[in-house]
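Participant: Input file: data20.txt. Contents: compact mmCIF, C-alpha atoms.
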```
# COMPACT_ATOMS: atom_id res chain seq x y z
CA ILE A 1 60.87 8.07 38.27
CA TYR A 2 64.05 10.00 39.10
CA PHE A 3 63.24 11.35 42.55
CA THR A 4 62.40 9.11 45.48
CA LYS A 5 60.55 11.79 47.51
CA GLY A 6 56.85 11.12 47.20
CA THR A 7 57.38 7.81 45.38
CA MET A 8 56.34 5.74 48.39
CA GLY A 9 53.21 7.85 48.90
CA PHE A 10 52.20 7.35 45.28
CA LEU A 11 52.99 3.63 45.52
CA ILE A 12 50.77 3.27 48.61
CA ILE A 13 47.80 4.90 46.83
CA LEU A 14 48.38 2.82 43.69
CA THR A 15 48.71 -0.40 45.72
CA LEU A 16 45.42 0.29 47.54
CA PHE A 17 43.60 0.69 44.22
CA LEU A 18 45.24 -2.43 42.74
CA MET A 19 44.43 -4.53 45.81
CA LEU A 20 40.84 -3.25 45.72
CA ASP A 21 40.63 -4.23 42.05
CA ILE A 22 41.92 -7.74 42.87
CA ILE A 23 39.58 -8.24 45.84
CA LEU A 24 36.55 -7.06 43.79
CA GLU A 25 37.30 -9.57 41.01
CA LYS A 26 34.86 -12.43 40.48
CA LYS A 27 37.66 -15.00 40.83
CA VAL A 28 37.53 -16.53 44.29
CA SER A 29 41.22 -17.57 44.03
CA SER A 30 42.32 -13.93 43.50
CA LYS A 31 40.37 -12.76 46.54
CA LEU A 32 41.70 -15.62 48.66
CA ILE A 33 45.33 -14.95 47.69
CA GLY A 34 44.85 -11.23 48.35
CA PHE A 35 43.50 -11.85 51.86
CA ILE A 36 46.23 -14.43 52.65
CA VAL A 37 48.99 -11.98 51.65
CA LEU A 38 47.52 -9.13 53.73
CA ILE A 39 46.98 -11.32 56.81
CA ILE A 40 50.50 -12.83 56.79
CA ILE A 41 52.14 -9.44 56.29
CA PHE A 42 50.05 -7.98 59.12
CA LEU A 43 51.11 -10.84 61.42
CA ASN A 44 54.77 -10.07 60.77
CA PHE A 45 54.35 -6.54 62.17
CA ASN A 46 54.16 -8.14 65.61
CA LYS A 47 57.69 -9.51 65.22
CA ILE A 48 59.66 -6.27 64.80
CA LYS A 49 60.49 -5.69 68.50
CA PRO A 50 63.98 -7.33 68.36
CA TYR A 51 65.13 -4.77 65.78
CA PHE A 52 64.59 -1.90 68.20
CA ILE A 53 66.17 -3.86 71.09
CA TYR A 54 69.31 -4.56 69.03
CA GLY A 55 69.31 -0.99 67.73
CA ILE A 56 69.50 -1.61 63.98
CA SER A 57 70.07 1.87 62.63
CA PHE A 58 67.96 2.02 59.49
CA ILE A 59 64.89 0.13 60.78
CA ASP A 60 61.98 2.05 62.25
CA ILE A 61 58.21 1.86 61.94
CA ASN A 62 58.24 3.83 58.66
CA SER A 63 60.81 1.59 56.99
CA THR A 64 58.88 -1.48 58.18
CA ILE A 65 55.65 -0.17 56.66
CA GLU A 66 57.51 0.66 53.43
CA TYR A 67 58.92 -2.86 53.23
CA ALA A 68 55.44 -4.35 53.68
CA ILE A 69 53.96 -2.01 51.06
CA ARG A 70 56.70 -2.95 48.56
CA ILE A 71 55.96 -6.69 48.69
CA ILE A 72 52.21 -6.04 48.35
CA ALA A 73 52.89 -3.60 45.49
CA PHE A 74 55.11 -6.11 43.69
CA MET A 75 52.42 -8.79 43.79
CA SER A 76 49.66 -6.34 42.80
CA LEU A 77 51.62 -4.85 39.89
CA THR A 78 52.69 -8.20 38.43
CA TYR A 79 49.10 -9.49 38.68
CA PHE A 80 47.42 -6.35 37.29
CA PHE A 81 49.83 -5.72 34.41
CA SER A 82 49.80 -9.33 33.21
CA ASN A 83 46.28 -8.65 31.91
CA ARG A 84 46.37 -7.30 28.33
CA TYR A 85 43.05 -5.46 28.63
CA LYS A 86 44.24 -3.56 31.70
CA VAL A 87 47.60 -2.80 30.08
CA GLU A 88 45.76 -1.35 27.07
CA LEU A 89 43.80 0.98 29.38
CA VAL A 90 47.07 2.41 30.76
CA SER A 91 48.96 2.30 27.45
CA LYS A 92 46.50 4.53 25.60
CA TYR A 93 47.34 7.36 28.02
CA ILE A 94 51.07 6.76 27.58
CA VAL A 95 50.59 7.04 23.80
CA LYS A 96 48.31 10.08 24.14
CA TYR A 97 50.76 11.93 26.40
CA SER A 98 53.97 10.55 24.85
CA ASN A 99 55.22 14.09 24.12
CA ILE A 100 55.05 14.90 27.84
CA LEU A 101 56.88 11.66 28.63
CA LEU A 102 59.54 12.51 26.06
CA LEU A 103 59.94 16.00 27.54
CA GLU A 104 60.23 14.49 31.02
CA ILE A 105 63.07 12.21 29.92
CA ILE A 106 64.89 15.03 28.11
CA VAL A 107 64.61 17.38 31.12
CA SER A 108 65.69 14.57 33.46
CA GLN A 109 68.73 13.82 31.32
CA ILE A 110 69.69 17.50 31.20
CA TYR A 111 69.53 17.54 35.00
CA LEU A 112 71.55 14.31 35.23
CA ILE A 113 74.20 15.78 32.91
CA TYR A 114 74.31 18.93 35.06
CA LEU A 115 74.89 16.80 38.18
CA PHE A 116 77.57 14.89 36.26
CA ILE A 117 79.46 17.99 35.06
CA SER A 118 79.07 20.02 38.27
CA GLY A 119 80.24 17.12 40.43
CA LYS A 120 77.12 17.29 42.60
CA GLY A 121 75.90 13.86 41.54
CA TYR A 122 78.71 11.82 43.12
CA THR A 123 79.09 9.93 46.37
CA GLN A 124 81.93 7.99 48.00
CA THR A 125 81.03 4.29 48.15
CA TRP A 126 83.19 1.12 48.35
CA GLY A 127 86.29 3.33 48.29
CA LEU A 128 85.27 4.76 44.90
CA LYS A 129 83.79 8.05 43.76
CA ASN A 130 80.54 6.86 42.16
CA TYR A 131 78.07 8.79 40.05
CA VAL A 132 74.58 8.44 41.57
CA GLY A 133 72.70 11.37 40.01
CA PRO A 134 70.04 12.74 42.43
CA TYR A 135 70.06 9.54 44.52
CA MET A 136 71.93 8.50 47.64
CA THR A 137 73.29 5.14 46.45
CA PRO A 138 74.77 3.70 43.21
CA HIS A 139 72.24 0.86 43.11
CA THR A 140 69.26 3.22 43.21
CA TYR A 141 70.66 5.13 40.23
CA ALA A 142 71.45 1.92 38.32
CA TYR A 143 67.91 0.64 38.80
CA SER A 144 66.50 3.98 37.62
CA ILE A 145 68.39 3.81 34.31
CA ILE A 146 66.99 0.33 33.65
CA ILE A 147 63.54 1.95 33.79
CA MET A 148 64.79 4.80 31.63
CA ILE A 149 66.00 2.59 28.77
CA ILE A 150 62.66 0.73 28.73
CA MET A 151 60.81 4.07 28.61
CA ILE A 152 63.07 5.23 25.76
CA GLU A 153 62.28 2.06 23.82
CA ILE A 154 58.54 2.60 24.33
CA LEU A 155 58.91 6.13 22.96
CA PHE A 156 60.92 4.78 20.04
CA LEU A 157 58.05 2.42 19.15
CA ILE A 158 55.44 5.18 19.51
CA LYS A 159 57.33 7.95 17.72
CA ARG A 160 59.06 5.80 15.07
CA SER A 161 62.00 8.23 15.11
CA ASN A 162 65.67 7.29 15.16
CA LYS A 163 66.43 10.54 16.97
CA ILE A 164 65.02 8.92 20.13
CA MET A 165 68.06 6.63 20.12
CA PHE A 166 70.31 9.54 21.17
CA LEU A 167 68.61 9.39 24.58
CA TYR A 168 70.39 6.10 25.24
CA ILE A 169 73.85 7.71 25.22
CA PHE A 170 74.03 9.29 28.69
CA PRO A 171 72.36 6.45 30.65
CA VAL A 172 74.69 3.89 29.05
CA LEU A 173 77.89 5.91 29.53
CA SER A 174 77.05 7.07 33.07
CA SER A 175 76.37 3.48 34.14
CA PHE A 176 80.12 2.76 33.95
CA LEU A 177 80.68 5.35 36.68
CA CYS A 178 78.01 4.30 39.19
CA GLY A 179 79.80 1.17 40.46
CA ALA A 180 76.68 -1.00 40.97
CA ARG A 181 77.76 -4.10 39.07
CA THR A 182 74.68 -6.35 39.13
CA PRO A 183 71.97 -3.84 38.05
CA VAL A 184 74.32 -2.26 35.48
CA MET A 185 75.11 -5.67 33.99
CA MET A 186 71.36 -6.36 33.89
CA MET A 187 70.78 -2.99 32.22
CA PHE A 188 73.08 -3.93 29.34
CA ILE A 189 71.52 -7.39 29.05
CA ILE A 190 67.99 -5.92 29.03
CA PHE A 191 69.08 -3.33 26.45
CA ILE A 192 70.51 -6.05 24.17
CA ILE A 193 67.45 -8.30 24.61
CA ILE A 194 65.02 -5.51 23.69
CA ARG A 195 67.06 -4.29 20.72
CA LYS A 196 67.67 -7.83 19.43
CA PHE A 197 64.32 -9.54 19.91
CA LYS A 198 61.69 -6.82 19.49
CA THR A 199 59.97 -6.45 16.12
CA ASN A 200 62.12 -5.20 13.25
CA THR A 201 59.36 -3.97 10.97
CA ILE A 202 59.67 -0.24 11.66
CA VAL A 203 59.60 1.69 8.41
CA ILE A 204 62.72 3.83 8.30
CA ASN A 205 63.32 6.51 5.70
CA THR A 206 66.60 5.53 4.03
CA ARG A 207 66.72 8.20 1.32
CA PHE A 208 70.09 9.80 0.73
CA LYS A 209 70.50 12.88 2.87
CA ILE A 210 73.59 15.06 3.26
CA LYS A 211 72.61 15.69 6.88
CA ASN A 212 72.74 11.97 7.71
CA ILE A 213 76.16 11.61 6.09
CA LEU A 214 77.50 14.57 8.07
CA ILE A 215 76.15 13.16 11.36
CA VAL A 216 77.79 9.77 10.72
CA LEU A 217 81.09 11.41 9.71
CA GLY A 218 80.96 13.62 12.82
CA ILE A 219 80.46 10.63 15.11
CA MET A 220 83.30 8.75 13.40
CA ILE A 221 85.66 11.74 13.78
CA ILE A 222 84.79 12.10 17.51
CA ILE A 223 85.36 8.36 18.09
CA THR A 224 88.67 8.51 16.20
CA LEU A 225 89.94 11.59 18.06
CA PHE A 226 88.86 10.41 21.50
CA SER A 227 89.10 6.63 21.09
CA ASN A 228 92.03 6.37 23.52
CA GLU A 229 90.20 8.45 26.12
CA ILE A 230 87.01 6.42 25.69
CA ILE A 231 88.93 3.15 26.11
CA LYS A 232 90.74 4.54 29.19
CA MET A 233 87.42 5.71 30.66
CA ILE A 234 85.89 2.23 30.28
CA ILE A 235 88.99 0.39 31.56
CA ASN A 236 89.33 2.72 34.55
CA SER A 237 85.59 2.97 35.19
CA ASN A 238 84.15 2.16 38.60
CA ILE A 239 82.33 -0.90 37.25
CA VAL A 240 85.49 -2.48 35.80
CA THR A 241 87.52 -1.47 38.89
CA LYS A 242 85.00 -3.15 41.20
CA PHE A 243 84.96 -6.30 39.06
CA ILE A 244 88.78 -6.48 39.19
CA GLU A 245 89.01 -5.78 42.94
CA THR A 246 86.41 -8.38 43.95
CA ALA A 247 87.89 -10.96 41.57
CA SER A 248 91.44 -10.41 42.88
CA GLU A 249 90.20 -10.74 46.46
CA GLN A 250 88.30 -13.92 45.50
CA ASN A 251 85.15 -12.18 46.72
CA PHE A 252 83.30 -11.85 43.42
CA ASP A 253 79.89 -12.31 45.07
CA ASN A 254 80.65 -9.54 47.62
CA GLY A 255 79.64 -11.78 50.51
CA ARG A 256 76.23 -12.72 49.11
CA VAL A 257 76.66 -16.49 49.45
CA GLU A 258 77.70 -16.04 53.09
CA TYR A 259 74.62 -13.86 53.74
CA TRP A 260 72.35 -16.47 52.13
CA ASN A 261 73.89 -19.30 54.17
CA ILE A 262 73.42 -17.37 57.44
CA CYS A 263 69.81 -16.46 56.66
CA MET A 264 68.77 -19.89 55.38
CA LYS A 265 70.39 -21.58 58.38
CA SER A 266 68.37 -19.30 60.65
CA TYR A 267 65.20 -20.04 58.66
CA LEU A 268 65.68 -23.83 58.81
CA GLN A 269 66.24 -23.63 62.57
CA SER A 270 62.87 -21.88 63.03
CA ASP A 271 59.79 -23.82 64.09
CA ILE A 272 57.33 -24.99 61.44
CA LEU A 273 54.88 -22.12 62.05
CA ARG A 274 57.60 -19.50 61.50
CA GLN A 275 58.83 -21.34 58.42
CA LEU A 276 55.32 -21.07 56.99
CA LEU A 277 54.45 -17.54 58.17
CA GLY A 278 57.87 -15.88 58.54
CA ASN A 279 60.30 -14.67 61.21
CA GLY A 280 59.33 -11.01 60.87
CA ILE A 281 60.06 -8.12 58.52
CA TYR A 282 63.80 -7.47 58.08
CA SER A 283 64.70 -10.66 59.98
CA THR A 284 67.62 -11.22 57.55
CA VAL A 285 69.25 -7.98 58.74
CA LEU A 286 69.09 -9.18 62.33
CA ASP A 287 70.48 -12.62 61.42
CA ILE A 288 73.44 -11.14 59.54
CA LYS A 289 74.17 -8.60 62.28
CA ASN A 290 74.18 -11.35 64.91
CA SER A 291 76.63 -13.41 62.84
CA LEU A 292 78.89 -10.81 61.22
CA GLY A 293 78.44 -7.73 63.41
CA TYR A 294 77.23 -5.32 60.75
CA GLU A 295 73.85 -4.40 59.25
CA ILE A 296 73.03 -5.52 55.74
CA TRP A 297 70.14 -7.32 54.09
CA ALA A 298 70.41 -10.66 52.27
CA HIS A 299 70.68 -9.23 48.71
CA SER A 300 68.19 -11.76 47.36
CA ASP A 301 64.43 -11.40 47.20
CA TRP A 302 63.79 -15.10 47.71
CA VAL A 303 66.05 -15.37 50.78
CA ASP A 304 64.65 -12.13 52.19
CA ILE A 305 60.98 -13.01 51.62
CA ILE A 306 61.13 -16.60 52.89
CA ASN A 307 62.75 -15.35 56.12
CA SER A 308 60.55 -12.30 56.55
CA TYR A 309 57.19 -13.69 55.44
CA GLY A 310 57.63 -17.46 55.22
CA LEU A 311 57.12 -20.22 52.68
CA ILE A 312 53.50 -19.39 51.84
CA ILE A 313 54.32 -15.84 50.70
CA VAL A 314 57.45 -16.91 48.78
CA ILE A 315 55.33 -19.45 46.85
CA ILE A 316 52.73 -16.77 46.01
CA TYR A 317 55.52 -14.30 45.09
CA THR A 318 57.22 -16.83 42.78
CA SER A 319 53.94 -17.92 41.18
CA LEU A 320 52.89 -14.33 40.40
CA TYR A 321 56.37 -13.50 39.09
CA ILE A 322 56.46 -16.45 36.67
CA ASN A 323 52.77 -16.00 35.75
CA TYR A 324 53.47 -12.36 34.80
CA PHE A 325 56.06 -13.26 32.17
CA ILE A 326 54.14 -16.31 30.91
CA LYS A 327 51.03 -14.17 30.27
CA LEU A 328 53.05 -11.40 28.59
CA ARG A 329 54.78 -14.01 26.43
CA LYS A 330 51.41 -15.40 25.39
CA TRP A 331 49.53 -12.24 24.47
CA SER A 332 52.43 -10.16 23.11
CA GLY A 333 53.67 -12.78 20.66
CA LYS A 334 57.26 -11.75 21.52
CA LYS A 335 58.24 -15.12 22.96
CA TYR A 336 62.02 -14.71 22.87
CA MET A 337 62.07 -11.13 24.14
CA ILE A 338 59.75 -11.82 27.08
CA THR A 339 61.44 -15.14 27.94
CA PHE A 340 64.89 -13.56 28.09
CA LEU A 341 63.59 -10.50 29.95
CA GLY A 342 61.97 -12.85 32.48
CA MET A 343 65.25 -14.71 32.96
CA ALA A 344 67.14 -11.42 33.40
CA PHE A 345 64.70 -10.10 36.01
CA ILE A 346 64.60 -13.36 37.95
CA PHE A 347 68.41 -13.33 38.04
CA LEU A 348 68.33 -9.72 39.30
CA SER A 349 65.82 -10.70 42.00
CA THR A 350 68.00 -13.64 43.00
CA TYR A 351 71.42 -12.01 43.00
CA ASN A 352 70.61 -8.50 44.21
CA GLY A 353 66.88 -8.04 44.70
CA ILE A 354 64.07 -5.86 43.37
CA ILE A 355 61.56 -5.33 46.17
CA ASN A 356 63.90 -3.10 48.21
CA TYR A 357 63.98 -0.47 45.45
CA THR A 358 60.65 1.36 45.66
CA HIS A 359 60.88 3.33 42.41
CA PHE A 360 61.92 0.22 40.43
CA LEU A 361 58.66 -1.64 41.11
CA PHE A 362 56.96 0.48 38.43
CA VAL A 363 59.15 -1.31 35.85
CA PHE A 364 56.47 -4.02 35.49
CA CYS A 365 54.06 -1.42 34.15
CA TYR A 366 56.58 -0.32 31.52
CA ILE A 367 57.57 -3.86 30.49
CA SER A 368 53.89 -4.64 29.87
CA ILE A 369 53.43 -1.47 27.81
CA LEU A 370 56.61 -2.29 25.84
CA ALA A 371 55.25 -5.80 25.14
CA LEU A 372 51.92 -4.32 24.04
CA GLU A 373 53.54 -1.78 21.68
CA CYS A 374 55.69 -4.54 20.18
CA SER A 375 52.61 -6.68 19.57
CA LYS A 376 50.82 -3.74 17.92
CA GLU A 377 53.78 -3.15 15.66
CA GLU A 378 53.83 -6.83 14.66
CA LEU A 379 50.20 -6.57 13.57
CA GLU A 380 50.96 -3.47 11.52
```
Produce structure tokens that represent the structure in this file.

Facilitator:
Amino acid sequence: IYFTKGTMGFLIILTLFLMLDIILEKKVSSKLIGFIVLIIIFLNFNKIKPYFIYGISFIDINSTIEYAIRIIAFMSLTYFFSNRYKVELVSKYIVKYSNILLLEIIVSQIYLIYLFISGKGYTQTWGLKNYVGPYMTPHTYAYSIIIMIIMIEILFLIKRSNKIMFLYIFPVLSSFLCGARTPVMMMFIIFIIIRKFKTNTIVINTRFKIKNILIVLGIMIIITLFSNEIIKMIINSNIVTKFIETASEQNFDNGRVEYWNICMKSYLQSDILRQLLGNGIYSTVLDIKNSLGYEIWAHSDWVDIINSYGLIIVIIYTSLYINYFIKLRKWSGKKYMITFLGMAFIFLSTYNGIINYTHFLFVFCYISILALECSKEELE
């Protein structure tokens, strides 16, 4: 989860197994959709020549393959993990090895704290010194802590221990220093949705204990002594600073609307075949570079996919996305939690994107397991 090296290799293997599972299904529609997706993506490999002619720095054959794998993985994961039976097969191993998962999170947080204290986990981005942990960019770190808080909540449901809640502290506080506004905002929204709308039937031991009183008093004393510093830290944090700077420059969307207009104009000017089958992988980067002179992607999954792969793939993508949350909502019984989570993720896909963050695609596995554990708890 916390290191990107090897993540793509694992994702490729997982995607192959998931696609094989889909193609071997008895449903003719599943097989047909699977073949359509693979064929259209393969066709778009023949359209990457302009990127090398124009010399776009971060696009090569490896990045192109990765981009193709990510869109296939997204569709495979949302389809596979919308099935309760299949989620139960995976979940039983999460429950069985929950102690290892807990240890992994604790060790990871110790390492993240070390990078935080030692100063090795920072990078200079947007004129700010941002905390990124072991990653290269603030957004990659922000997306990783969204996964982390979902994993912590799963462990909380399995272990039924309030001590698990202490694992939320560092991810939440460090998010203020990473500077990636959209995913951090979504992290807080997702955190609130889960805490508010999940089941509230956990049996908690409320007997009087001196230890509990001392812990509460200790926290209150720390907050009292350092309240001014905590307030200053939040006010002067990278997230707040970036919000203020973009608002004062009347550029709150950081150029997103302009990117979308450029890319959609290019798409609408394409011939009907390209509109259906796509202009080629990373075509949005080329469109923006031709218009603005610098390399950046569209910062929206829908804009990126419809340009890269065409209308057919964007319809399949949207259908699988919505179907995933509808099925989870149905079999988990947590209608409000899943509905609001679905809205949050669709907003994140629209305003910043999901498919360009390889490690984040595994989030659909964890959301399904969270929904399953919540439904189990409701029955208990």

Participant: Go ahead and compute the interatomic distance for atom CA of A:Lys376 and atom CA of A:Phe345, in Å to one decimal.

Facilitator: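 Distance reported for this atom pair: 23.7 Å.
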
Participant: Could you tell me which of A:Tyr324, A:Trp260, A:Phe170, A:Phe340 comes closest to A:Phe74 if we count all atoms listed in the file?

Facilitator: A:Tyr324

Participant: Rounded to one decimal place, report the atom CA of A:Leu128-atom CA of A:Ala180 distance in Å.

Facilitator: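 Atom-to-atom, atom CA of A:Leu128 to atom CA of A:Ala180, that is 11.1 Å.
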
Participant: Atom CA of A:Met185 and atom CA of A:Arg160 are how many Å apart?

Facilitator: 27.3 Å

Participant: Do you know which residues are at most 10 Å from stretch 105-107 of chain A counting only C-alpha atoms, after dropping those on the same chain fewer than 4 positions away, and could you put them as a ChimeraX atom specification?

Facilitator: /A:1-2,99-101,111-113,148,151-152,167

Participant: From the set A:Ile193, A:Leu348, A:Gln109, A:Ser300, which residue has the shortest atom-to-atom contact distance to A:Phe166, counting only C-alpha atoms?

Facilitator: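 Of A:Ile193, A:Leu348, A:Gln109, A:Ser300, the one nearest A:Phe166 is A:Gln109, counting only C-alpha atoms.
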
Participant: A:Lys265, A:Lys159, A:Lys86, A:Arg274: which is nearest A:Ile313, counting all atoms listed in the file?

Facilitator: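 Among the listed residues, A:Arg274 lies closest to A:Ile313.
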
Participant: Name all residues at most 10 Å from A:Leu273 (count only C-alpha atoms; drop same-chain ones fewer than 6 positions away) and give them as a tab-separated table (two decimals) with C-alpha atoms, in the frame of the given file.

Facilitator:
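So the final result, stored in out-v1.tsv, reads:
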```
chain	number	residue	atom	x	y	z
A	279	ASN	CA	60.30	-14.67	61.21
A	310	GLY	CA	57.63	-17.46	55.22
A	311	LEU	CA	57.12	-20.22	52.68
```

Participant: Quick one: residues within 12 Å of A:Phe347, all atoms listed in the file, excluding same-chain residues fewer than 2 positions away - as a short mmCIF file (atom, residue, chain, number, x, y, z; two decimals) with C-alpha atoms, in the coordinates of the input?

Facilitator:
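The result, stored in selection22.cif:
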```cif
data_model
loop_
_atom_site.label_atom_id
_atom_site.label_comp_id
_atom_site.auth_asym_id
_atom_site.auth_seq_id
_atom_site.Cartn_x
_atom_site.Cartn_y
_atom_site.Cartn_z
CA THR A 182 74.68 -6.35 39.13
CA PRO A 183 71.97 -3.84 38.05
CA MET A 185 75.11 -5.67 33.99
CA MET A 186 71.36 -6.36 33.89
CA ILE A 189 71.52 -7.39 29.05
CA ILE A 190 67.99 -5.92 29.03
CA HIS A 299 70.68 -9.23 48.71
CA SER A 300 68.19 -11.76 47.36
CA ASP A 301 64.43 -11.40 47.20
CA TRP A 302 63.79 -15.10 47.71
CA PHE A 340 64.89 -13.56 28.09
CA LEU A 341 63.59 -10.50 29.95
CA GLY A 342 61.97 -12.85 32.48
CA MET A 343 65.25 -14.71 32.96
CA ALA A 344 67.14 -11.42 33.40
CA PHE A 345 64.70 -10.10 36.01
CA SER A 349 65.82 -10.70 42.00
CA THR A 350 68.00 -13.64 43.00
CA TYR A 351 71.42 -12.01 43.00
CA ASN A 352 70.61 -8.50 44.21
CA GLY A 353 66.88 -8.04 44.70
CA ILE A 354 64.07 -5.86 43.37
#
```

Participant: Could you list as a PyMOL selection string every residue that has an atom within 12 Å of (71.4, 4.0, 24.7), using the file's coordinates and counting all atoms listed in the file?

Facilitator: chain A and resi 145-146+148-153+156+162-175+187-188+190-192+194-195

Participant: Taking all atoms listed in the file into account, which of A:Leu276, A:Leu32, A:Ile369, A:Cys374 comes nearest A:Val314?

Facilitator: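 Using all atoms listed in the file, the shortest distance to A:Val314 belongs to A:Leu276.
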